[in-house]
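**Q** My structure file work-v4.txt, compact mmCIF, C-alpha atoms, is below:
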# COMPACT_ATOMS: atom_id res chain seq x y z
CA MET A 1 -196.26 10.01 56.74
CA LYS A 2 -194.97 8.22 53.62
CA LYS A 3 -194.64 11.57 51.86
CA CYS A 4 -192.63 13.09 54.76
CA MET A 5 -190.37 10.02 54.85
CA SER A 6 -189.85 10.32 51.12
CA ILE A 7 -188.85 13.97 51.43
CA LEU A 8 -186.51 13.15 54.31
CA ALA A 9 -184.96 10.28 52.41
CA GLY A 10 -184.34 12.56 49.45
CA ALA A 11 -182.66 15.12 51.67
CA LEU A 12 -180.42 12.51 53.31
CA ALA A 13 -179.47 11.18 49.91
CA GLY A 14 -178.54 14.69 48.87
CA LEU A 15 -176.27 15.02 51.89
CA MET A 16 -174.18 12.16 50.56
CA ALA A 17 -173.85 13.60 47.09
CA LEU A 18 -170.85 15.63 45.93
CA SER A 19 -171.72 19.24 45.31
CA PHE A 20 -169.96 20.25 42.17
CA VAL A 21 -168.10 17.26 40.76
CA SER A 22 -169.70 14.22 39.15
CA CYS A 23 -168.38 10.65 39.46
CA GLY A 24 -166.49 11.11 36.23
CA GLY A 25 -164.70 14.18 37.58
CA LYS A 26 -166.52 16.63 35.32
CA LYS A 27 -167.95 19.89 36.61
CA SER A 28 -171.72 19.64 37.12
CA LYS A 29 -174.16 22.29 35.92
CA GLU A 30 -174.87 25.33 38.06
CA VAL A 31 -177.09 24.75 41.09
CA THR A 32 -179.83 27.29 41.90
CA ILE A 33 -180.77 27.82 45.53
CA ARG A 34 -184.14 29.48 46.06
CA TYR A 35 -184.10 31.82 49.06
CA GLN A 36 -187.32 33.26 50.50
CA LEU A 37 -187.78 36.36 52.67
CA TRP A 38 -190.71 38.64 53.54
CA ASP A 39 -189.25 42.11 54.11
CA SER A 40 -189.10 44.13 50.88
CA ALA A 41 -186.95 46.76 52.62
CA GLN A 42 -184.21 44.18 53.12
CA LEU A 43 -184.32 42.84 49.57
CA PRO A 44 -181.57 45.14 48.14
CA ALA A 45 -179.20 44.22 50.98
CA TYR A 46 -179.71 40.50 50.43
CA GLN A 47 -179.32 40.86 46.70
CA ALA A 48 -175.93 42.47 47.36
CA ALA A 49 -175.02 39.62 49.71
CA ALA A 50 -176.09 37.09 47.07
CA GLU A 51 -173.88 38.75 44.48
CA ARG A 52 -170.88 38.53 46.80
CA PHE A 53 -171.67 34.87 47.56
CA GLN A 54 -171.95 34.01 43.87
CA GLU A 55 -168.58 35.61 43.18
CA LYS A 56 -167.05 33.33 45.80
CA ASN A 57 -169.11 30.28 44.76
CA PRO A 58 -169.45 30.31 40.95
CA GLY A 59 -171.23 26.93 40.95
CA ILE A 60 -174.19 28.23 42.95
CA LYS A 61 -176.82 30.77 41.90
CA ILE A 62 -179.08 32.42 44.48
CA SER A 63 -182.66 33.17 43.42
CA ILE A 64 -184.42 35.44 45.95
CA VAL A 65 -188.21 35.37 46.33
CA GLN A 66 -189.90 38.09 48.42
CA LEU A 67 -193.50 37.90 49.67
CA GLY A 68 -195.41 39.96 52.24
CA TRP A 69 -195.70 38.61 55.82
CA ASP A 70 -199.12 36.93 55.53
CA ASP A 71 -198.59 35.52 52.03
CA TYR A 72 -195.12 34.40 53.03
CA TRP A 73 -196.15 31.96 55.76
CA THR A 74 -199.26 30.72 53.99
CA GLY A 75 -197.28 30.09 50.82
CA LEU A 76 -194.39 28.46 52.65
CA GLN A 77 -196.59 25.94 54.44
CA THR A 78 -198.49 25.14 51.25
CA GLU A 79 -195.26 24.59 49.33
CA MET A 80 -193.79 22.42 52.08
CA ILE A 81 -196.86 20.19 51.97
CA GLY A 82 -196.69 20.10 48.18
CA GLY A 83 -192.94 19.44 48.13
CA THR A 84 -192.09 22.65 46.24
CA ALA A 85 -190.79 24.97 48.99
CA GLY A 86 -187.64 27.05 48.61
CA ASP A 87 -184.34 25.57 49.70
CA VAL A 88 -183.58 28.23 52.33
CA PHE A 89 -185.93 30.68 53.98
CA THR A 90 -185.92 33.47 56.55
CA ASP A 91 -187.35 31.87 59.68
CA HIS A 92 -189.00 33.33 62.77
CA LEU A 93 -188.73 32.28 66.40
CA ALA A 94 -192.52 31.99 66.56
CA LYS A 95 -192.54 29.52 63.69
CA TYR A 96 -189.47 27.34 63.61
CA LEU A 97 -190.27 24.97 66.46
CA ASP A 98 -193.55 23.96 64.81
CA PHE A 99 -191.67 23.26 61.58
CA ALA A 100 -188.94 21.35 63.40
CA ASN A 101 -191.41 19.18 65.29
CA LYS A 102 -192.96 18.18 61.96
CA ASN A 103 -189.50 17.19 60.62
CA LEU A 104 -189.56 19.94 58.00
CA LEU A 105 -186.16 21.50 58.79
CA ILE A 106 -182.63 20.18 58.47
CA ASP A 107 -180.61 19.98 61.68
CA LEU A 108 -177.59 22.23 61.08
CA THR A 109 -175.55 20.86 63.99
CA PRO A 110 -173.49 18.36 61.92
CA TYR A 111 -172.60 21.09 59.40
CA ILE A 112 -171.65 23.55 62.14
CA LYS A 113 -169.35 20.99 63.75
CA ARG A 114 -167.89 19.82 60.45
CA ASP A 115 -167.02 23.35 59.29
CA ASN A 116 -166.01 24.62 62.75
CA VAL A 117 -168.47 27.53 62.62
CA ASP A 118 -167.88 29.84 65.56
CA THR A 119 -171.33 30.56 66.99
CA SER A 120 -169.93 32.69 69.80
CA ILE A 121 -169.70 35.67 67.43
CA TYR A 122 -173.42 36.42 67.72
CA MET A 123 -174.67 39.07 70.12
CA ASN A 124 -176.94 38.43 73.12
CA ASP A 125 -176.59 34.63 72.77
CA LEU A 126 -178.86 34.75 69.72
CA GLU A 127 -177.60 31.37 68.50
CA LYS A 128 -179.16 29.66 71.53
CA LEU A 129 -182.63 30.70 70.41
CA TRP A 130 -182.30 28.40 67.40
CA GLN A 131 -181.33 25.35 69.43
CA SER A 132 -184.07 22.92 70.44
CA GLN A 133 -184.19 21.13 73.77
CA ASP A 134 -182.71 18.01 72.21
CA GLY A 135 -179.60 19.88 71.10
CA LYS A 136 -180.43 20.32 67.42
CA THR A 137 -179.90 23.61 65.58
CA TYR A 138 -182.48 24.78 63.07
CA GLY A 139 -181.17 28.18 62.08
CA LEU A 140 -178.25 30.58 62.30
CA PRO A 141 -178.82 34.18 63.49
CA LYS A 142 -179.09 37.01 61.01
CA ASP A 143 -180.35 40.02 63.01
CA TRP A 144 -182.04 41.25 66.18
CA ASP A 145 -184.59 43.88 67.09
CA THR A 146 -186.05 45.75 70.06
CA ILE A 147 -189.24 47.80 70.50
CA CYS A 148 -189.45 51.54 71.17
CA ILE A 149 -191.85 54.46 71.15
CA ILE A 150 -192.14 56.03 67.71
CA TYR A 151 -193.36 59.63 67.92
CA ASN A 152 -194.53 62.19 65.39
CA LYS A 153 -192.20 65.16 65.93
CA HIS A 154 -194.67 67.58 64.37
CA LEU A 155 -197.34 66.66 66.93
CA THR A 156 -195.03 66.42 69.94
CA ASP A 157 -193.38 69.75 69.10
CA ALA A 158 -196.81 71.38 68.83
CA ALA A 159 -197.62 70.10 72.32
CA GLY A 160 -194.29 71.30 73.71
CA VAL A 161 -193.14 67.76 74.44
CA SER A 162 -189.40 67.12 74.43
CA HIS A 163 -187.46 64.01 73.46
CA GLU A 164 -186.09 63.90 77.00
CA GLU A 165 -189.61 63.61 78.41
CA LEU A 166 -190.56 60.86 75.99
CA ASN A 167 -187.33 58.98 76.59
CA ASN A 168 -187.88 58.80 80.36
CA LEU A 169 -191.53 57.93 80.82
CA THR A 170 -192.77 55.68 83.62
CA TRP A 171 -195.77 53.36 83.67
CA ASN A 172 -197.83 51.25 86.04
CA ALA A 173 -201.22 49.57 85.67
CA LYS A 174 -202.82 51.49 88.57
CA ASP A 175 -202.58 55.11 87.42
CA GLY A 176 -200.62 54.78 84.17
CA GLY A 177 -197.66 56.83 85.45
CA SER A 178 -196.22 59.63 83.35
CA PHE A 179 -196.94 57.58 80.21
CA GLU A 180 -200.69 57.91 80.76
CA LYS A 181 -200.32 61.65 81.38
CA MET A 182 -198.30 61.92 78.16
CA ILE A 183 -200.95 60.06 76.17
CA LYS A 184 -203.63 62.40 77.53
CA ARG A 185 -201.49 65.47 76.83
CA LEU A 186 -201.15 64.41 73.20
CA THR A 187 -204.85 63.58 72.73
CA ILE A 188 -206.87 66.45 71.21
CA ASP A 189 -210.63 66.81 70.74
CA ALA A 190 -212.44 68.75 68.04
CA ASN A 191 -212.50 71.88 70.22
CA GLY A 192 -208.74 71.85 70.79
CA ASN A 193 -208.87 70.49 74.34
CA ASN A 194 -206.29 67.90 75.28
CA GLY A 195 -206.99 64.85 77.43
CA LEU A 196 -205.85 66.59 80.62
CA SER A 197 -208.57 69.24 80.31
CA PRO A 198 -211.86 68.80 82.19
CA LYS A 199 -213.56 69.98 78.97
CA PHE A 200 -212.09 67.09 76.93
CA ASP A 201 -214.75 65.40 74.78
CA LYS A 202 -213.90 61.73 74.27
CA LYS A 203 -216.65 61.41 71.66
CA ASN A 204 -215.03 63.93 69.31
CA VAL A 205 -211.33 63.08 69.22
CA VAL A 206 -209.32 64.32 66.23
CA GLN A 207 -205.88 63.24 67.49
CA TYR A 208 -205.19 60.23 69.70
CA GLY A 209 -202.22 60.21 72.01
CA TRP A 210 -201.49 56.55 71.30
CA ALA A 211 -202.44 53.91 68.75
CA ILE A 212 -201.81 50.17 68.77
CA GLY A 213 -202.64 47.51 66.24
CA HIS A 214 -204.49 44.28 66.91
CA SER A 215 -202.43 41.82 68.93
CA ASP A 216 -201.51 38.16 68.84
CA ASP A 217 -200.27 36.08 71.77
CA ARG A 218 -196.82 37.73 71.86
CA GLY A 219 -197.99 41.34 71.58
CA GLN A 220 -194.48 42.28 70.49
CA ALA A 221 -195.33 45.86 69.53
CA GLN A 222 -198.51 46.04 71.60
CA PHE A 223 -198.55 44.85 75.22
CA SER A 224 -195.22 43.05 75.69
CA GLY A 225 -193.10 45.95 76.97
CA LEU A 226 -195.76 47.12 79.40
CA ALA A 227 -196.80 43.72 80.74
CA CYS A 228 -193.24 42.48 81.24
CA SER A 229 -192.26 45.72 82.97
CA THR A 230 -194.50 44.56 85.85
CA GLY A 231 -192.39 41.42 86.34
CA TRP A 232 -194.87 39.25 84.45
CA MET A 233 -193.63 36.73 81.91
CA TYR A 234 -195.45 34.58 79.34
CA THR A 235 -194.17 31.24 80.66
CA ASP A 236 -191.69 29.95 83.24
CA GLY A 237 -188.81 29.86 80.74
CA LEU A 238 -187.62 29.13 77.22
CA TYR A 239 -189.60 26.24 75.66
CA ASP A 240 -191.84 26.07 78.75
CA SER A 241 -195.56 25.55 78.17
CA ASN A 242 -196.98 26.83 81.47
CA TYR A 243 -198.63 30.03 80.27
CA HIS A 244 -199.64 32.92 82.53
CA TYR A 245 -202.18 35.00 80.64
CA ASP A 246 -204.40 34.73 83.72
CA ASP A 247 -201.77 36.33 86.00
CA PRO A 248 -203.20 39.44 87.77
CA ARG A 249 -200.31 41.57 86.50
CA PHE A 250 -201.15 40.71 82.90
CA VAL A 251 -204.87 41.11 83.48
CA ASP A 252 -204.30 44.58 84.97
CA THR A 253 -202.10 45.56 82.02
CA ILE A 254 -204.78 44.69 79.49
CA LYS A 255 -207.45 46.38 81.64
CA TRP A 256 -205.39 49.59 81.59
CA MET A 257 -204.94 49.39 77.81
CA LYS A 258 -208.69 48.95 77.33
CA LYS A 259 -209.37 51.86 79.69
CA MET A 260 -207.19 54.11 77.52
CA GLN A 261 -209.29 53.10 74.54
CA ASP A 262 -212.64 53.47 76.31
CA GLU A 263 -211.74 56.95 77.61
CA GLY A 264 -210.77 58.16 74.15
CA PHE A 265 -207.01 58.48 74.63
CA SER A 266 -206.02 55.45 72.56
CA ALA A 267 -207.36 54.84 69.06
CA PRO A 268 -210.50 52.64 68.89
CA TYR A 269 -209.95 48.99 68.06
CA THR A 270 -212.28 49.33 65.09
CA GLU A 271 -209.88 51.84 63.52
CA THR A 272 -206.78 49.68 63.92
CA SER A 273 -207.87 46.38 62.38
CA ASN A 274 -205.04 46.69 59.85
CA GLY A 275 -202.60 48.14 62.37
CA TYR A 276 -201.94 51.69 63.45
CA ALA A 277 -200.25 52.80 60.19
CA SER A 278 -203.16 54.63 58.56
CA LEU A 279 -203.88 56.67 61.70
CA PHE A 280 -200.24 57.42 62.42
CA ASN A 281 -199.43 58.37 58.83
CA ALA A 282 -202.51 60.61 58.72
CA GLU A 283 -201.23 62.37 61.87
CA LYS A 284 -204.25 61.23 63.87
CA ALA A 285 -202.08 59.47 66.46
CA ALA A 286 -198.98 60.91 68.13
CA LEU A 287 -197.32 57.80 69.59
CA VAL A 288 -197.02 54.15 68.59
CA PHE A 289 -194.86 51.22 69.64
CA ASP A 290 -192.81 49.58 66.90
CA GLY A 291 -189.66 47.60 66.20
CA SER A 292 -186.23 48.59 64.94
CA TRP A 293 -186.90 46.84 61.62
CA MET A 294 -189.29 49.74 60.87
CA ILE A 295 -186.76 52.55 61.35
CA GLY A 296 -186.37 53.26 57.64
CA THR A 297 -190.09 53.01 56.94
CA HIS A 298 -190.90 55.60 59.59
CA LYS A 299 -188.07 57.99 58.73
CA THR A 300 -188.94 58.03 55.02
CA ASN A 301 -192.73 58.30 55.26
CA GLY A 302 -192.60 61.56 53.27
CA VAL A 303 -195.13 63.32 55.51
CA PHE A 304 -193.48 64.14 58.85
CA ASP A 305 -190.33 63.41 60.81
CA VAL A 306 -190.34 60.88 63.64
CA GLY A 307 -188.24 60.31 66.73
CA PHE A 308 -187.45 57.15 68.71
CA ALA A 309 -187.74 56.96 72.50
CA ARG A 310 -187.30 54.14 74.96
CA LEU A 311 -190.32 52.25 76.22
CA PRO A 312 -191.80 53.43 79.54
CA GLU A 313 -190.15 52.13 82.71
CA GLY A 314 -192.46 49.94 84.76
CA PRO A 315 -192.40 48.64 88.35
CA ALA A 316 -189.84 45.98 87.38
CA GLY A 317 -187.80 48.27 85.11
CA ARG A 318 -187.77 49.14 81.43
CA LYS A 319 -188.29 45.99 79.35
CA SER A 320 -188.22 45.40 75.60
CA MET A 321 -188.74 42.12 73.82
CA ILE A 322 -185.65 41.15 71.85
CA ASN A 323 -186.23 39.01 68.84
CA GLY A 324 -183.92 37.62 66.22
CA LEU A 325 -184.49 36.12 62.80
CA GLY A 326 -182.51 33.26 61.34
CA ASP A 327 -182.12 31.25 58.16
CA SER A 328 -183.35 27.65 57.97
CA ILE A 329 -183.04 24.88 55.37
CA TRP A 330 -186.13 22.99 54.25
CA VAL A 331 -185.72 19.24 54.65
CA GLY A 332 -186.95 18.64 51.10
CA THR A 333 -184.18 20.60 49.37
CA LYS A 334 -182.46 18.71 46.59
CA HIS A 335 -179.23 20.62 47.28
CA PRO A 336 -178.58 20.50 51.04
CA GLU A 337 -174.83 21.12 50.76
CA GLU A 338 -175.22 24.19 48.57
CA ALA A 339 -178.07 25.41 50.75
CA TRP A 340 -175.81 25.10 53.80
CA GLN A 341 -173.06 27.07 52.09
CA TRP A 342 -175.55 29.92 51.56
CA VAL A 343 -176.82 29.78 55.15
CA LYS A 344 -173.26 29.70 56.48
CA PHE A 345 -172.35 32.73 54.39
CA LEU A 346 -175.42 34.70 55.51
CA ALA A 347 -174.42 34.04 59.12
CA SER A 348 -170.82 35.17 58.54
CA GLN A 349 -169.28 38.52 59.42
CA GLU A 350 -168.69 39.26 55.73
CA ALA A 351 -172.37 38.94 54.84
CA GLN A 352 -173.67 40.68 57.95
CA ASP A 353 -171.32 43.60 57.37
CA ILE A 354 -172.89 43.95 53.92
CA ILE A 355 -176.41 43.75 55.35
CA GLY A 356 -175.55 46.26 58.08
CA SER A 357 -174.18 48.77 55.60
CA TYR A 358 -177.67 49.19 54.14
CA GLY A 359 -179.02 50.48 57.47
CA VAL A 360 -182.26 48.50 57.47
CA VAL A 361 -181.83 46.14 60.45
CA PHE A 362 -179.32 45.44 63.21
CA PRO A 363 -177.31 42.33 62.21
CA ALA A 364 -176.50 39.60 64.74
CA ILE A 365 -172.76 40.38 64.67
CA GLU A 366 -171.40 43.53 66.30
CA SER A 367 -169.43 44.76 63.29
CA GLY A 368 -172.60 44.57 61.21
CA VAL A 369 -174.44 46.60 63.86
CA ASN A 370 -171.69 49.23 63.72
CA ASN A 371 -172.12 49.42 59.96
CA ALA A 372 -175.85 49.95 60.43
CA LEU A 373 -175.25 52.66 63.06
CA ASN A 374 -172.81 54.42 60.73
CA LYS A 375 -175.43 54.37 57.98
CA TYR A 376 -178.07 55.81 60.30
CA ALA A 377 -175.62 58.45 61.57
CA SER A 378 -174.86 59.51 57.98
CA LYS A 379 -178.56 60.34 57.65
CA ASN A 380 -178.62 62.09 61.04
CA TRP A 381 -181.02 59.49 62.45
CA ASP A 382 -180.81 58.98 66.21
CA VAL A 383 -181.64 55.29 66.82
CA SER A 384 -179.97 55.07 70.23
CA ALA A 385 -183.26 54.24 71.96
CA PHE A 386 -183.22 50.79 70.33
CA THR A 387 -179.59 50.06 71.10
CA ASP A 388 -179.78 51.49 74.63
CA GLU A 389 -182.54 49.00 75.43
CA ALA A 390 -180.49 46.15 74.01
CA LYS A 391 -177.41 47.11 76.04
CA ALA A 392 -179.18 47.79 79.34
CA PRO A 393 -178.67 45.10 82.04
CA ASN A 394 -181.91 43.10 82.26
CA GLY A 395 -183.43 45.53 79.76
CA THR A 396 -184.66 42.86 77.37
CA PHE A 397 -186.50 39.55 77.48
CA LEU A 398 -186.49 36.81 74.88
CA TYR A 399 -189.22 36.22 72.36
CA PRO A 400 -191.25 33.23 73.67
CA ILE A 401 -190.45 29.96 71.90
CA VAL A 402 -193.00 27.20 72.38
CA ASP A 403 -194.75 24.42 70.53
CA ASN A 404 -198.34 24.92 69.29
CA SER A 405 -197.52 28.56 68.50
CA VAL A 406 -200.01 28.75 65.62
CA MET A 407 -202.91 27.59 67.79
CA ILE A 408 -201.86 29.82 70.69
CA GLY A 409 -201.69 32.79 68.34
CA GLN A 410 -205.20 32.10 67.06
CA ILE A 411 -206.61 31.75 70.59
CA MET A 412 -205.12 35.00 71.86
CA THR A 413 -205.89 37.01 68.71
CA ARG A 414 -209.53 35.98 69.10
CA THR A 415 -209.41 36.82 72.81
CA PHE A 416 -208.03 40.33 72.30
CA ASP A 417 -210.62 40.97 69.60
CA GLN A 418 -213.35 40.04 72.06
CA ILE A 419 -211.86 42.15 74.85
CA PHE A 420 -211.22 45.36 72.91
CA LEU A 421 -214.51 45.15 71.04
CA GLY A 422 -216.26 44.95 74.41
CA GLN A 423 -217.64 41.46 73.84
CA LYS A 424 -216.01 39.88 76.90
CA ASP A 425 -214.79 40.93 80.33
CA VAL A 426 -211.01 41.20 80.47
CA GLU A 427 -210.37 38.93 83.44
CA SER A 428 -212.76 36.13 82.51
CA ALA A 429 -211.66 36.19 78.86
CA LEU A 430 -207.99 35.83 79.77
CA LYS A 431 -208.65 33.08 82.32
CA ASP A 432 -210.68 31.08 79.81
CA SER A 433 -208.06 31.52 77.10
CA ASN A 434 -205.22 30.50 79.38
CA LYS A 435 -207.05 27.27 80.22
CA GLU A 436 -207.60 26.63 76.53
CA ILE A 437 -203.88 27.09 75.86
CA LEU A 438 -202.81 24.84 78.71
CA ASN A 439 -205.09 22.11 77.35
CA LEU A 440 -203.08 22.11 74.11
CA PHE A 441 -200.17 20.58 76.01
CA LYS A 442 -202.07 17.82 77.79
Mind turning this structure into structure tokens?
**A**
Amino acid sequence: MKKCMSILAGALAGLMALSFVSCGGKKSKEVTIRYQLWDSAQLPAYQAAAERFQEKNPGIKISIVQLGWDDYWTGLQTEMIGGTAGDVFTDHLAKYLDFANKNLLIDLTPYIKRDNVDTSIYMNDLEKLWQSQDGKTYGLPKDWDTICIIYNKHLTDAAGVSHEELNNLTWNAKDGGSFEKMIKRLTIDANGNNGLSPKFDKKNVVQYGWAIGHSDDRGQAQFSGLACSTGWMYTDGLYDSNYHYDDPRFVDTIKWMKKMQDEGFSAPYTETSNGYASLFNAEKAALVFDGSWMIGTHKTNGVFDVGFARLPEGPAGRKSMINGLGDSIWVGTKHPEEAWQWVKFLASQEAQDIIGSYGVVFPAIESGVNNALNKYASKNWDVSAFTDEAKAPNGTFLYPIVDNSVMIGQIMTRTFDQIFLGQKDVESALKDSNKEILNLFK
């Protein structure tokens, strides 16, 4: 507690300090702001944005540190505890509330009001996702993403499957709809029989119709689009803690997913412990679900071309999770004013136009999205499936934001491991886990 108070006191003292001019009126030495992100694909775009920022702010230098997803969060928490974290970091909706509740982030509301920052410029009300229930703001939006079907064109062409078919699939938990038929059609055994043939041998599959990676509690690129297309939702609303993993609609969704695995149409759980990438890249799986942040990775795999199709339409419509990243300031920064100037710039149209022009992600501001679309179009990449989902009325649902997200993630990751490895019954496992989660909030 004393350490946290000390960090907070240091940050508040920094807020009162002048940024570039000392008491004697002389120019102070250059301030370095350390900025952390995890996506290596976005690094060149952010380096370009940093160069533009430094031209406009010669007293501030931006030092960018990039780490992979797992190392990123482990390192960030360790550095926060040790008092050595970066000044500004790319934050995630699954993480920021835990940080905020531990008083590790600076509330940006006073800065936003002071500098008259127009937060209405962000698409899909993304700025609201970074506002806590008590009215504090812990980040400004930088981008958004949706989930789609990624398909191997070589394999779908060989099966005579068209983009139109893939873009208009239906799904339900009872018989799987046309999505299940498509998965079976694209599954091939060692004798060349597909999953629709009575001769199909599930014990000798050489090509799976579908592959998914191991899932956490959100299941962003695993179960989310299917489960929510039934009308199910994680909780009763933003910041709500009444979880529904025991809801029959969710239970039936997971049962159907396990059935696809058990019948040989979806890749075995034991082969996807590190995700679906190795199977998909080896052309042993025809379809996967993935996010728009992976467009460039898939299109430049160097092995085969891919296409992007909308998620299957369920009983309650076609639903994609929409997520958005933001930039947050660590409460222990020694340079809160300079850190804010960097965050404010990253959230501006100027910066997001730069980011968009690299065609890696969809920025949070429409002009930046247009720049990204122009970049994709120049490469003849059709990414309309992602944007069509984002524009469709009621076509998206927000990434769940709750407290105790780390613990919830651990509980549900363990639960899905047990289910898909056949160690626990689907219904009883989900009911037990839901009770365990609800107990976290008592």
**Q** Please measure the separation of atom CA of A:Ile322 and atom CA of A:Arg310, giving the value in Å to one decimal.
**A**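 One can read the atom CA of A:Ile322 to atom CA of A:Arg310 distance as 13.5 Å.
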**Q** Could you check how far atom CA of A:Thr109 sits from atom CA of A:Glu338, in Å to one decimal?
**A**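 A separation of 15.8 Å between them.
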**Q** Pick out the closest residue to A:Gly225 from this set: A:Gly302, A:Gly264, A:Gly395, A:Gly192. Count only C-alpha atoms.
**A**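 Closest to A:Gly225 of all the choices is A:Gly395.
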**Q** Which one is closest to A:Asn101: A:Asp403, A:Asp143, A:Asp417, A:Glu55? Count only C-alpha atoms.
**A**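 The shortest atom-to-atom distance to A:Asn101 comes from A:Asp403.
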**Q** Env of stretch 375-382 of chain A: 7 Å cut, atoms = only C-alpha atoms, seq-sep filter 5 positions within chain, self excluded. Answer as a PyMOL selection string.
**A** chain A and resi 357-359
**Q** Determine the nearest neighbour of A:Tyr276 from the options A:Arg185, A:Lys95, A:Arg249, A:His214, counting all atoms listed in the file.
**A**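 So, comparing all the options, the nearest one is A:His214.
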**Q** Report as JSON lines: every residue of stretch 282-305 of chain A with an atom at most 12 Å from stretch 268-272 of chain A, its closest pair of atoms, and their distance in Å to one decimal, counting only C-alpha atoms, with rows sorted by chain and ascending residue number.
**A**
{"residue": "A:Lys284", "atom": "CA", "partner": "A:Glu271", "partner_atom": "CA", "distance": 11.0}
{"residue": "A:Ala285", "atom": "CA", "partner": "A:Pro268", "partner_atom": "CA", "distance": 11.1}
{"residue": "A:Val288", "atom": "CA", "partner": "A:Thr272", "partner_atom": "CA", "distance": 11.7}
**Q** For the atom pair atom CA of A:Asp107 and atom CA of A:Asn439, what is the interatomic distance in Å to one decimal place?
**A** 29.1 Å
**Q** Quick one: of A:Ser273, A:Asn103, A:Trp38, A:Lys334, who's nearest to A:Gly68, counting all atoms listed in the file?
**A**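 The answer is A:Trp38, which sits nearest to A:Gly68.
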**Q** If I only have part of stretch 234-245 of chain A, can you fill in N, CA and C atoms and write it as a JSON list (two decimals), keeping the file's coordinate frame?
**A**
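Now in out_17.json:
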[["chain", "number", "residue", "atom", "x", "y", "z"],
["A", 234, "TYR", "N", -194.53, 35.48, 80.05],
["A", 234, "TYR", "CA", -195.45, 34.58, 79.34],
["A", 234, "TYR", "C", -195.48, 33.18, 79.96],
["A", 235, "THR", "N", -194.30, 32.60, 80.12],
["A", 235, "THR", "CA", -194.17, 31.24, 80.66],
["A", 235, "THR", "C", -193.06, 31.24, 81.71],
["A", 236, "ASP", "N", -192.72, 30.06, 82.21],
["A", 236, "ASP", "CA", -191.69, 29.95, 83.24],
["A", 236, "ASP", "C", -190.27, 29.85, 82.66],
["A", 237, "GLY", "N", -190.14, 29.92, 81.35],
["A", 237, "GLY", "CA", -188.81, 29.86, 80.74],
["A", 237, "GLY", "C", -188.87, 29.46, 79.29],
["A", 238, "LEU", "N", -187.71, 29.49, 78.63],
["A", 238, "LEU", "CA", -187.62, 29.13, 77.22],
["A", 238, "LEU", "C", -188.13, 27.71, 77.01],
["A", 239, "TYR", "N", -189.00, 27.53, 76.04],
["A", 239, "TYR", "CA", -189.60, 26.24, 75.66],
["A", 239, "TYR", "C", -190.62, 25.74, 76.69],
["A", 240, "ASP", "N", -190.87, 26.50, 77.75],
["A", 240, "ASP", "CA", -191.84, 26.07, 78.75],
["A", 240, "ASP", "C", -193.25, 26.29, 78.22],
["A", 241, "SER", "N", -194.18, 25.48, 78.67],
["A", 241, "SER", "CA", -195.56, 25.55, 78.17],
["A", 241, "SER", "C", -196.57, 25.95, 79.25],
["A", 242, "ASN", "N", -196.08, 26.40, 80.39],
["A", 242, "ASN", "CA", -196.98, 26.83, 81.47],
["A", 242, "ASN", "C", -197.26, 28.32, 81.32],
["A", 243, "TYR", "N", -198.32, 28.64, 80.59],
["A", 243, "TYR", "CA", -198.63, 30.03, 80.27],
["A", 243, "TYR", "C", -199.31, 30.76, 81.43],
["A", 244, "HIS", "N", -199.14, 32.11, 81.42],
["A", 244, "HIS", "CA", -199.64, 32.92, 82.53],
["A", 244, "HIS", "C", -200.47, 34.11, 82.07],
["A", 245, "TYR", "N", -201.32, 33.91, 81.08],
["A", 245, "TYR", "CA", -202.18, 35.00, 80.64],
["A", 245, "TYR", "C", -203.27, 35.33, 81.67]]
